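Heads up, structure-v7.tsv below (TSV, C-alpha atoms):
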chain	number	residue	atom	x	y	z
A	1	MET	CA	-23.26	-5.60	-27.16
A	2	PRO	CA	-19.58	-6.58	-27.46
A	3	PRO	CA	-17.76	-7.69	-24.31
A	4	GLY	CA	-15.97	-4.79	-22.66
A	5	ASN	CA	-18.54	-2.22	-23.80
A	6	SER	CA	-21.20	-3.01	-21.24
A	7	ARG	CA	-22.03	-0.94	-18.18
A	8	ILE	CA	-20.43	-3.57	-15.99
A	9	CYS	CA	-16.95	-2.84	-17.30
A	10	GLY	CA	-17.30	0.73	-18.49
A	11	GLY	CA	-19.01	2.00	-15.37
A	12	PHE	CA	-16.69	0.56	-12.76
A	13	PHE	CA	-13.07	1.05	-13.73
A	14	ASP	CA	-10.77	1.08	-16.74
A	15	VAL	CA	-10.43	-2.59	-17.61
A	16	PRO	CA	-7.99	-2.13	-20.55
A	17	ALA	CA	-5.69	-0.03	-18.34
A	18	ALA	CA	-5.89	-2.64	-15.58
A	19	GLN	CA	-5.08	-5.44	-18.04
A	20	LYS	CA	-2.12	-3.44	-19.38
A	21	ARG	CA	-0.78	-2.87	-15.86
A	22	LEU	CA	-1.22	-6.56	-15.02
A	23	GLY	CA	0.81	-7.44	-18.10
A	24	GLU	CA	3.57	-5.08	-16.95
A	25	LEU	CA	3.56	-6.68	-13.50
A	26	ASN	CA	3.75	-10.18	-14.98
A	27	THR	CA	6.82	-9.10	-16.96
A	28	LEU	CA	8.45	-7.67	-13.83
A	29	MET	CA	7.68	-10.81	-11.82
A	30	ALA	CA	9.29	-12.99	-14.51
A	31	ALA	CA	12.61	-11.13	-14.25
A	32	ASP	CA	15.60	-12.91	-12.70
A	33	THR	CA	16.19	-10.00	-10.29
A	34	PHE	CA	12.58	-9.87	-9.07
A	35	TRP	CA	13.33	-11.26	-5.60
A	36	ASN	CA	16.39	-9.09	-4.96
A	37	ASN	CA	14.17	-6.75	-2.94
A	38	ARG	CA	11.67	-8.98	-1.14
A	39	GLU	CA	9.47	-6.18	0.24
A	40	LYS	CA	9.15	-4.51	-3.16
A	41	ALA	CA	8.50	-7.90	-4.77
A	42	GLN	CA	5.72	-8.67	-2.29
A	43	GLY	CA	4.15	-5.28	-3.00
A	44	LEU	CA	4.07	-6.00	-6.74
A	45	ILE	CA	2.59	-9.45	-6.11
A	46	ASP	CA	-0.13	-7.90	-3.93
A	47	GLU	CA	-0.90	-5.34	-6.65
A	48	ALA	CA	-1.12	-8.05	-9.30
A	49	ASN	CA	-3.45	-10.14	-7.14
A	50	SER	CA	-5.62	-7.11	-6.49
A	51	LEU	CA	-5.93	-6.41	-10.23
A	52	ARG	CA	-6.77	-10.06	-10.95
A	53	ASN	CA	-9.42	-9.98	-8.24
A	54	LYS	CA	-11.06	-7.08	-10.08
A	55	ILE	CA	-10.60	-8.19	-13.69
A	56	GLU	CA	-11.62	-11.84	-13.32
A	57	PRO	CA	-15.00	-11.19	-11.62
A	58	LEU	CA	-15.81	-8.61	-14.30
A	59	ALA	CA	-14.99	-11.09	-17.06
A	60	LYS	CA	-17.13	-13.67	-15.29
A	61	ALA	CA	-20.01	-11.18	-14.98
A	62	GLU	CA	-19.76	-10.34	-18.69
A	63	LYS	CA	-20.01	-14.03	-19.58
A	64	GLN	CA	-22.95	-14.58	-17.21
A	65	LEU	CA	-24.78	-11.62	-18.71
A	66	GLU	CA	-24.33	-13.03	-22.19
A	67	ASP	CA	-25.55	-16.44	-20.94
A	68	PHE	CA	-28.71	-14.78	-19.60
A	69	ARG	CA	-29.37	-13.20	-23.01
A	70	VAL	CA	-29.04	-16.61	-24.67
A	71	MET	CA	-31.25	-18.23	-22.03
A	72	LEU	CA	-33.90	-15.55	-22.56
A	73	GLU	CA	-33.89	-16.10	-26.32
A	74	LEU	CA	-34.14	-19.87	-25.86
A	75	GLY	CA	-36.93	-19.45	-23.33
A	76	GLU	CA	-38.95	-17.33	-25.74
A	77	ALA	CA	-38.66	-20.12	-28.30
A	78	GLU	CA	-39.96	-22.74	-25.84
A	79	PRO	CA	-43.62	-23.89	-25.91
A	80	PRO	CA	-45.87	-21.77	-23.64
A	81	ALA	CA	-46.24	-24.65	-21.17
A	82	ALA	CA	-42.47	-24.78	-20.57
A	83	GLN	CA	-41.89	-21.03	-20.27
A	84	PRO	CA	-42.90	-20.69	-16.57
A	85	HIS	CA	-40.17	-23.18	-15.64
A	86	VAL	CA	-37.58	-21.24	-17.69
A	87	GLU	CA	-38.74	-17.98	-16.13
A	88	GLN	CA	-38.42	-19.43	-12.61
A	89	GLU	CA	-34.89	-20.68	-13.31
A	90	LEU	CA	-33.87	-17.38	-14.87
A	91	THR	CA	-35.29	-15.39	-11.95
A	92	ARG	CA	-33.35	-17.51	-9.45
A	93	ASP	CA	-30.08	-17.18	-11.37
A	94	LEU	CA	-30.55	-13.43	-11.84
A	95	ALA	CA	-31.07	-12.93	-8.10
A	96	LYS	CA	-27.76	-14.66	-7.43
A	97	PHE	CA	-26.09	-12.67	-10.21
A	98	PHE	CA	-27.24	-9.31	-8.82
A	99	LYS	CA	-26.06	-10.27	-5.34
A	100	GLU	CA	-22.59	-11.04	-6.69
A	101	LEU	CA	-22.66	-7.84	-8.75
A	102	ASP	CA	-23.54	-5.89	-5.62
A	103	ALA	CA	-20.44	-7.21	-3.83
A	104	LEU	CA	-18.31	-6.48	-6.90
A	105	GLU	CA	-19.58	-2.92	-7.07
A	106	LEU	CA	-18.49	-2.30	-3.48
A	107	LYS	CA	-14.96	-3.48	-4.22
A	108	VAL	CA	-14.69	-1.14	-7.18
A	109	PHE	CA	-15.69	1.81	-4.97
A	110	LEU	CA	-12.35	1.28	-3.27
A	111	SER	CA	-10.27	3.20	-5.78
A	112	GLY	CA	-8.13	5.25	-3.39
A	113	PRO	CA	-4.33	4.96	-3.64
A	114	HIS	CA	-4.11	3.07	-0.33
A	115	ASP	CA	-7.52	1.35	-0.15
A	116	ARG	CA	-6.09	-2.10	-0.91
A	117	LYS	CA	-3.49	-1.88	1.88
A	118	HIS	CA	-3.58	-3.38	5.35
A	119	CYS	CA	-4.50	-0.87	8.03
A	120	ILE	CA	-3.91	0.20	11.60
A	121	LEU	CA	-7.02	0.79	13.68
A	122	SER	CA	-6.74	2.62	17.01
A	123	ILE	CA	-9.41	3.10	19.67
A	124	ASN	CA	-9.16	5.68	22.46
A	125	ALA	CA	-11.60	5.98	25.34
A	126	GLY	CA	-13.14	9.40	25.85
A	127	ALA	CA	-13.83	11.16	29.13
A	128	GLY	CA	-15.81	9.14	31.64
A	129	GLY	CA	-13.34	6.82	33.32
A	130	THR	CA	-14.40	3.19	33.63
A	131	GLU	CA	-17.54	3.65	31.52
A	132	ALA	CA	-15.64	4.97	28.49
A	133	GLN	CA	-12.82	2.45	28.95
A	134	ASP	CA	-15.30	-0.43	28.98
A	135	TRP	CA	-16.86	1.00	25.79
A	136	ALA	CA	-13.41	1.09	24.14
A	137	GLU	CA	-12.94	-2.60	24.96
A	138	MET	CA	-16.40	-3.42	23.56
A	139	LEU	CA	-15.48	-1.67	20.31
A	140	SER	CA	-12.18	-3.54	20.19
A	141	ARG	CA	-14.03	-6.85	20.39
A	142	MET	CA	-16.53	-5.70	17.75
A	143	TYR	CA	-13.83	-4.77	15.25
A	144	GLN	CA	-11.87	-7.96	15.83
A	145	ARG	CA	-14.99	-10.05	15.15
A	146	TRP	CA	-15.83	-7.98	12.06
A	147	ALA	CA	-12.32	-8.39	10.65
A	148	GLU	CA	-12.20	-12.12	11.37
A	149	ALA	CA	-15.59	-12.61	9.68
A	150	ARG	CA	-14.12	-10.98	6.56
A	151	GLY	CA	-11.19	-13.40	6.64
A	152	TRP	CA	-8.63	-10.80	7.69
A	153	GLU	CA	-5.85	-11.41	10.17
A	154	VAL	CA	-5.98	-9.33	13.35
A	155	GLU	CA	-2.98	-8.48	15.50
A	156	VAL	CA	-3.32	-6.34	18.62
A	157	THR	CA	0.01	-4.50	18.72
A	158	ASP	CA	-0.52	-2.41	21.83
A	159	ALA	CA	-3.15	-2.07	24.55
A	160	LEU	CA	-3.31	0.13	27.62
A	161	PRO	CA	-5.63	-1.40	30.26
A	162	GLY	CA	-8.17	0.78	32.02
A	163	GLU	CA	-8.28	1.42	35.72
A	164	GLY	CA	-10.38	-1.48	36.96
A	165	ALA	CA	-11.98	-2.45	33.65
A	166	GLY	CA	-11.81	-1.91	29.94
A	167	LEU	CA	-9.10	-0.26	27.85
A	168	LYS	CA	-7.81	3.28	27.78
A	169	SER	CA	-6.51	2.65	24.27
A	170	VAL	CA	-5.80	-0.20	21.89
A	171	THR	CA	-4.08	-0.46	18.51
A	172	MET	CA	-4.53	-3.35	16.09
A	173	ARG	CA	-3.35	-4.27	12.62
A	174	LEU	CA	-5.98	-5.54	10.18
A	175	GLN	CA	-4.37	-7.52	7.39
A	176	GLY	CA	-6.42	-8.40	4.34
A	177	GLU	CA	-7.42	-7.27	0.88
A	178	ASN	CA	-8.90	-3.75	0.94
A	179	ALA	CA	-8.66	-3.64	4.74
A	180	TYR	CA	-8.01	0.11	4.77
A	181	GLY	CA	-10.62	0.79	2.09
A	182	PHE	CA	-13.38	-0.76	4.19
A	183	ALA	CA	-12.15	0.09	7.70
A	184	LYS	CA	-11.71	3.80	6.97
A	185	ALA	CA	-15.51	4.03	7.19
A	186	GLU	CA	-15.16	3.64	10.96
A	187	ARG	CA	-12.98	6.71	11.55
A	188	GLY	CA	-14.73	9.03	13.98
A	189	VAL	CA	-16.39	9.27	17.38
A	190	HIS	CA	-18.67	6.41	18.50
A	191	ARG	CA	-21.26	6.96	21.26
A	192	LEU	CA	-22.84	4.41	23.60
A	193	VAL	CA	-26.01	4.89	25.66
A	194	ARG	CA	-26.84	2.18	28.22
A	195	ILE	CA	-27.66	1.35	31.83
A	196	SER	CA	-24.23	1.30	33.39
A	197	PRO	CA	-23.11	-2.06	34.87
A	198	PHE	CA	-20.76	-0.02	37.06
A	199	ASP	CA	-23.50	2.18	38.56
A	200	ALA	CA	-25.16	0.75	41.69
A	201	ASN	CA	-28.16	3.04	41.07
A	202	LYS	CA	-28.64	1.61	37.54
A	203	ARG	CA	-28.65	4.99	35.87
A	204	ARG	CA	-28.31	5.56	32.15
A	205	HIS	CA	-24.83	6.65	31.04
A	206	THR	CA	-23.43	8.01	27.80
A	207	SER	CA	-19.89	7.03	26.82
A	208	PHE	CA	-17.65	8.05	23.95
A	209	ALA	CA	-14.66	6.52	22.19
A	210	SER	CA	-12.79	7.61	19.09
A	211	VAL	CA	-11.66	5.32	16.28
A	212	ASP	CA	-8.82	6.23	13.94
A	213	VAL	CA	-7.82	4.24	10.87
A	214	ILE	CA	-4.70	4.73	8.77
A	215	ALA	CA	-3.22	2.73	5.91
A	216	GLU	CA	-0.19	0.64	6.80
A	217	ILE	CA	2.90	1.93	5.01
A	218	GLU	CA	5.86	-0.39	4.62
A	219	GLU	CA	9.42	0.84	5.04
A	220	ASN	CA	10.47	1.85	1.54
A	221	THR	CA	11.90	4.70	-0.51
A	222	GLU	CA	8.58	6.54	-0.33
A	223	LEU	CA	9.26	7.55	3.26
A	224	VAL	CA	12.66	7.51	4.91
A	225	ILE	CA	13.30	8.53	8.54
A	226	PRO	CA	16.91	9.38	9.44
A	227	PRO	CA	18.07	7.30	12.44
A	228	ASN	CA	18.77	10.43	14.49
A	229	GLU	CA	15.08	11.40	14.29
A	230	PHE	CA	13.74	8.55	16.40
A	231	GLN	CA	14.41	7.14	19.83
A	232	VAL	CA	13.96	3.45	20.63
A	233	ASP	CA	13.18	2.29	24.18
A	234	THR	CA	12.61	-1.27	25.37
A	235	PHE	CA	10.51	-2.46	28.29
A	236	ARG	CA	8.90	-5.58	29.67
A	237	SER	CA	5.64	-6.60	28.08
A	238	GLY	CA	2.42	-6.64	30.04
A	239	GLY	CA	-0.35	-9.21	29.87
A	240	LYS	CA	-0.10	-12.97	30.13
A	241	GLY	CA	3.37	-14.38	30.63
A	242	GLY	CA	5.52	-16.86	28.84
A	243	GLN	CA	9.16	-17.76	28.61
A	244	ASN	CA	10.09	-14.26	27.47
A	245	VAL	CA	7.06	-12.10	28.12
A	246	ASN	CA	7.26	-10.21	31.45
A	247	LYS	CA	10.82	-11.55	32.03
A	248	VAL	CA	12.99	-9.75	29.46
A	249	GLU	CA	12.59	-6.44	27.69
A	250	THR	CA	10.98	-7.66	24.45
A	251	ALA	CA	8.53	-4.76	24.08
A	252	VAL	CA	9.59	-1.76	22.00
A	253	ARG	CA	8.55	1.88	22.08
A	254	ILE	CA	9.67	4.26	19.31
A	255	THR	CA	9.40	8.04	19.58
A	256	HIS	CA	9.68	10.25	16.51
A	257	LEU	CA	11.48	13.26	17.95
A	258	PRO	CA	10.48	15.96	15.40
A	259	THR	CA	6.74	15.26	15.73
A	260	GLY	CA	6.47	13.66	19.16
A	261	LEU	CA	4.61	10.67	17.73
A	262	VAL	CA	4.97	7.57	19.93
A	263	VAL	CA	4.20	3.98	18.95
A	264	ALA	CA	4.69	0.71	20.79
A	265	SER	CA	4.53	-3.01	20.14
A	266	GLN	CA	4.61	-5.67	22.84
A	267	THR	CA	2.73	-8.69	21.50
A	268	GLN	CA	5.54	-10.42	19.60
A	269	ARG	CA	7.89	-12.86	21.32
A	270	SER	CA	11.13	-11.15	20.32
A	271	GLN	CA	12.42	-7.61	20.53
A	272	HIS	CA	13.36	-7.73	16.85
A	273	GLN	CA	9.78	-8.57	15.80
A	274	ASN	CA	8.32	-5.88	18.05
A	275	ARG	CA	10.75	-3.32	16.67
A	276	ALA	CA	9.75	-4.15	13.08
A	277	THR	CA	6.05	-3.88	13.95
A	278	ALA	CA	6.55	-0.60	15.82
A	279	MET	CA	8.50	0.87	12.91
A	280	ARG	CA	5.66	0.02	10.50
A	281	LEU	CA	3.21	1.73	12.85
A	282	LEU	CA	5.43	4.81	13.08
A	283	LEU	CA	5.93	5.07	9.33
A	284	SER	CA	2.17	4.78	8.79
A	285	ARG	CA	1.41	7.50	11.33
A	286	ILE	CA	4.02	9.85	9.90
A	287	PHE	CA	2.73	9.21	6.40
A	288	ALA	CA	-0.85	9.92	7.49
A	289	GLN	CA	0.28	13.11	9.23
A	290	ARG	CA	2.05	14.29	6.08
A	291	LEU	CA	-1.05	13.59	4.04
A	292	ASP	CA	-2.91	15.68	6.60
A	293	ALA	CA	-0.69	18.63	5.89
A	294	GLN	CA	-0.58	18.18	2.12
A	295	LYS	CA	-4.16	17.38	1.22
A	296	ALA	CA	-6.99	19.65	2.23
A	297	GLU	CA	-9.53	16.87	1.83
A	298	MET	CA	-7.66	14.52	4.16
A	299	GLU	CA	-7.08	17.39	6.56
A	300	ARG	CA	-10.82	18.04	6.73
A	301	PHE	CA	-11.47	14.33	7.21
A	302	TYR	CA	-9.24	14.15	10.25
A	303	GLY	CA	-10.21	17.55	11.57
A	304	GLU	CA	-13.92	16.84	11.47
A	305	LYS	CA	-13.49	13.81	13.68
A	306	GLY	CA	-13.62	16.39	16.46
A	307	SER	CA	-13.33	15.92	20.18
A	308	ILE	CA	-14.50	12.69	21.80
A	309	SER	CA	-17.71	14.22	23.12
A	310	TRP	CA	-21.30	15.31	22.45
A	311	GLY	CA	-22.23	16.39	18.94
A	312	ASN	CA	-19.21	14.87	17.21
A	313	GLN	CA	-20.31	11.24	16.96
A	314	ILE	CA	-20.60	9.49	13.60
A	315	ARG	CA	-22.64	6.62	15.05
A	316	SER	CA	-24.78	6.04	18.13
A	317	TYR	CA	-25.29	2.69	19.86
A	318	VAL	CA	-28.33	2.81	22.12
A	319	PHE	CA	-28.96	-0.13	24.47
A	320	GLN	CA	-31.66	1.51	26.63
A	321	PRO	CA	-34.49	2.57	26.71
A	322	TYR	CA	-34.74	1.12	23.19
A	323	ARG	CA	-32.24	-0.74	21.04
A	324	MET	CA	-30.83	0.99	17.99
A	325	VAL	CA	-27.52	1.49	16.18
A	326	LYS	CA	-27.66	4.45	13.83
A	327	ASP	CA	-25.03	5.95	11.53
A	328	LEU	CA	-25.54	9.69	11.41
A	329	ARG	CA	-23.63	10.18	8.14
A	330	THR	CA	-25.86	7.87	6.09
A	331	GLY	CA	-29.02	7.22	8.09
A	332	VAL	CA	-28.37	3.45	8.07
A	333	GLU	CA	-29.80	1.92	11.24
A	334	THR	CA	-30.75	-1.38	12.83
A	335	SER	CA	-32.42	-2.55	16.03
A	336	ASN	CA	-30.27	-5.70	16.13
A	337	VAL	CA	-27.68	-4.23	18.49
A	338	GLN	CA	-26.24	-7.61	19.48
A	339	ALA	CA	-25.44	-8.53	15.88
A	340	VAL	CA	-23.59	-5.24	15.41
A	341	MET	CA	-21.56	-5.75	18.60
A	342	ASP	CA	-20.75	-9.25	17.30
A	343	GLY	CA	-19.18	-7.70	14.21
A	344	ASP	CA	-22.05	-7.26	11.73
A	345	LEU	CA	-20.77	-3.90	10.47
A	346	ASP	CA	-21.05	-4.44	6.72
A	347	PRO	CA	-24.44	-2.66	6.33
A	348	PHE	CA	-22.92	0.49	7.85
A	349	VAL	CA	-19.61	0.27	5.99
A	350	ASN	CA	-21.27	-0.53	2.65
A	351	GLY	CA	-23.83	2.22	3.13
A	352	TRP	CA	-21.05	4.71	3.79
A	353	LEU	CA	-19.14	3.67	0.65
A	354	ARG	CA	-22.27	3.90	-1.50
A	355	ALA	CA	-23.07	7.33	-0.06
A	356	GLY	CA	-19.74	8.63	-1.35
A	357	CYS	CA	-17.75	8.35	1.92
A	358	PRO	CA	-19.37	11.36	3.67
A	359	THR	CA	-17.53	13.00	6.56
A	360	LYS	CA	-20.45	15.01	7.91
A	361	ARG	CA	-23.84	14.16	9.34
A	362	MET	CA	-26.45	13.65	6.66
A	363	GLN	CA	-28.91	16.51	6.42
A	364	GLY	CA	-32.14	15.65	8.20
A	365	VAL	CA	-30.66	12.69	10.11
A	366	LYS	CA	-31.14	13.20	13.84
A	367	ASP	CA	-29.69	11.49	16.85
A	368	GLU	CA	-32.73	10.96	19.05
A	369	GLU	CA	-30.62	10.95	22.20
A	370	GLU	CA	-29.21	14.46	21.72

What's the structure tokens form of this structure?
Amino acid sequence: MPPGNSRICGGFFDVPAAQKRLGELNTLMAADTFWNNREKAQGLIDEANSLRNKIEPLAKAEKQLEDFRVMLELGEAEPPAAQPHVEQELTRDLAKFFKELDALELKVFLSGPHDRKHCILSINAGAGGTEAQDWAEMLSRMYQRWAEARGWEVEVTDALPGEGAGLKSVTMRLQGENAYGFAKAERGVHRLVRISPFDANKRRHTSFASVDVIAEIEENTELVIPPNEFQVDTFRSGGKGGQNVNKVETAVRITHLPTGLVVASQTQRSQHQNRATAMRLLLSRIFAQRLDAQKAEMERFYGEKGSISWGNQIRSYVFQPYRMVKDLRTGVETSNVQAVMDGDLDPFVNGWLRAGCPTKRMQGVKDEEE
């Protein structure tokens, strides 16, 4: 079978088209005027790297597959006494090959127009006061650990502390290849069942928090906001102090007047940096809102997230009376709750991608706690 005609290439994505686009990008990057617009240039570099990261593993897989064919033919020609050793070696190498192919397949599932972008992940506590706010903070820690384990950079851009404990809301930027493509699996309502550490009677409590994920959109010609459509306010940052933090108004809040959308950034050391971060957040939220209005599929996706309450959860985390984390869209579950809370989310995210990115509960999958 000639290279390029196998299932590996033909079944995943259009390799010739990707190679053609990479050639076009290489030509653009070689131009003398390439760096005249640094943001556009960086976007083209990111696209080229993304294409290389898809093409090169496929080429490597093609070569490995051909090597296995040759090894099989050579093994068949070996004396019978030597064949068990060849078979053992081939079995070991094939196991490694299929594991790498499995990871490659997941990357190719991320074919959406914004899947390769960085993303903005927001968590909001549901009703329930301290319980729900503590749950929101637990989720924040879980996602930060998950992102860091994947090699992504995490930046908490805004956090609203709870009353006594936890977080009412938190927004973070996840920066890494395919961050949005993977993290979008987490959009929805997450439910916790546990013995409350805040209840003197040690009763079981149910808490809810919602997670929203949008692709980060850079300021470019794709989306332009007239200056008279937004209002910029500055304020003193909260949290731990420093030479500037808590002493001068470095934090920035931007309000988009036509829609009422409000974003804030207070983690950077200068007002200029916080303003740039807040503007990226605002552009991304406006872009997501426009997609909501323009695309029925995206509108359903957001709409079906539902209220932060009973019956709308995409995943349940049960700490007592038994231990179980269960995704209701795919049926993927595990009893290793601690590993999940420490960021082991890949089984759930990968299961969701392989299931076709469902937005509704899988038929026949029940939440035992309902």

Open item on the list: I'd like the neighbourhood of Glu89 of chain A as number ranges by chain, where a residue qualifies if any of its atoms comes within 12 Å (using only C-alpha atoms), though same-chain residues fewer than 5 positions away should be ignored.
Closed with: A: 68, 71-72, 75, 82-84, 94-96

Open item on the list: Give me the residues near Ser111 of chain A as a list in words, where near means some atom within 12 Å (using all atoms listed in the file) and where sequence neighbours in that chain fewer than 2 positions away do not count.
Closed with: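 Neighbouring residues, sequence-local ones excluded: Phe12, Phe13, Asp14, Ser50, Leu51, Lys54, Glu105, Leu106, Lys107, Val108, Phe109, Pro113, His114, Asp115, Arg116, Lys117, Asn178, Tyr180, Gly181, Phe182, Leu353, Gly356 and Cys357 of chain A.
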
Task: Shell around Pro347 of chain A at 10 Å using all atoms listed in the file, local window under 5 positions removed, as a list of chain:residue names - done: A:Val332, A:Glu333, A:Thr334, A:Val340, A:Trp352

Write the residues of the selection above to a file with C-alpha atoms, as a PDB file, keeping the file's coordinate frame.
ATOM      1  CA  VAL A 332     -28.370   3.450   8.070  1.00  0.00           C
ATOM      2  CA  GLU A 333     -29.800   1.920  11.240  1.00  0.00           C
ATOM      3  CA  THR A 334     -30.750  -1.380  12.830  1.00  0.00           C
ATOM      4  CA  VAL A 340     -23.590  -5.240  15.410  1.00  0.00           C
ATOM      5  CA  TRP A 352     -21.050   4.710   3.790  1.00  0.00           C
TER       6      TRP A 352
END

TODO: Could you tell me how far atom CA of Gln88 of chain A lies from atom CA of Leu104 of chain A, in Å and to one decimal?
DONE: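 Distance reported for this atom pair: 24.6 Å.
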
Task: Nearest to Ala264 of chain A by atom-to-atom distance, counting all atoms listed in the file, from A:Asp102, A:Asp327, A:Glu131, A:Asp158 - done: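 Answer, going by the shortest atom-to-atom distance: A:Asp158.
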
- [ ] Record the distance separating atom CA of Ala125 of chain A and atom CA of Met341 of chain A, expressed in Å with one decimal.
- [x] 16.8 Å

Task: Straight-line distance linking atom CA of Pro258 of chain A with atom CA of Gly43 of chain A, stated in Å to one decimal - done: 28.8 Å

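Candidate residues A:Leu139, A:Glu155, A:Gly188, A:Asp346 were compared for distance to Lys168 of chain A, and the nearest is A:Leu139, using all atoms listed in the file.
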
Task: Best match for closeness to Val349 of chain A among A:Glu249, A:Asp233, A:Glu186, A:Glu216, counting all atoms listed in the file - done: A:Glu186
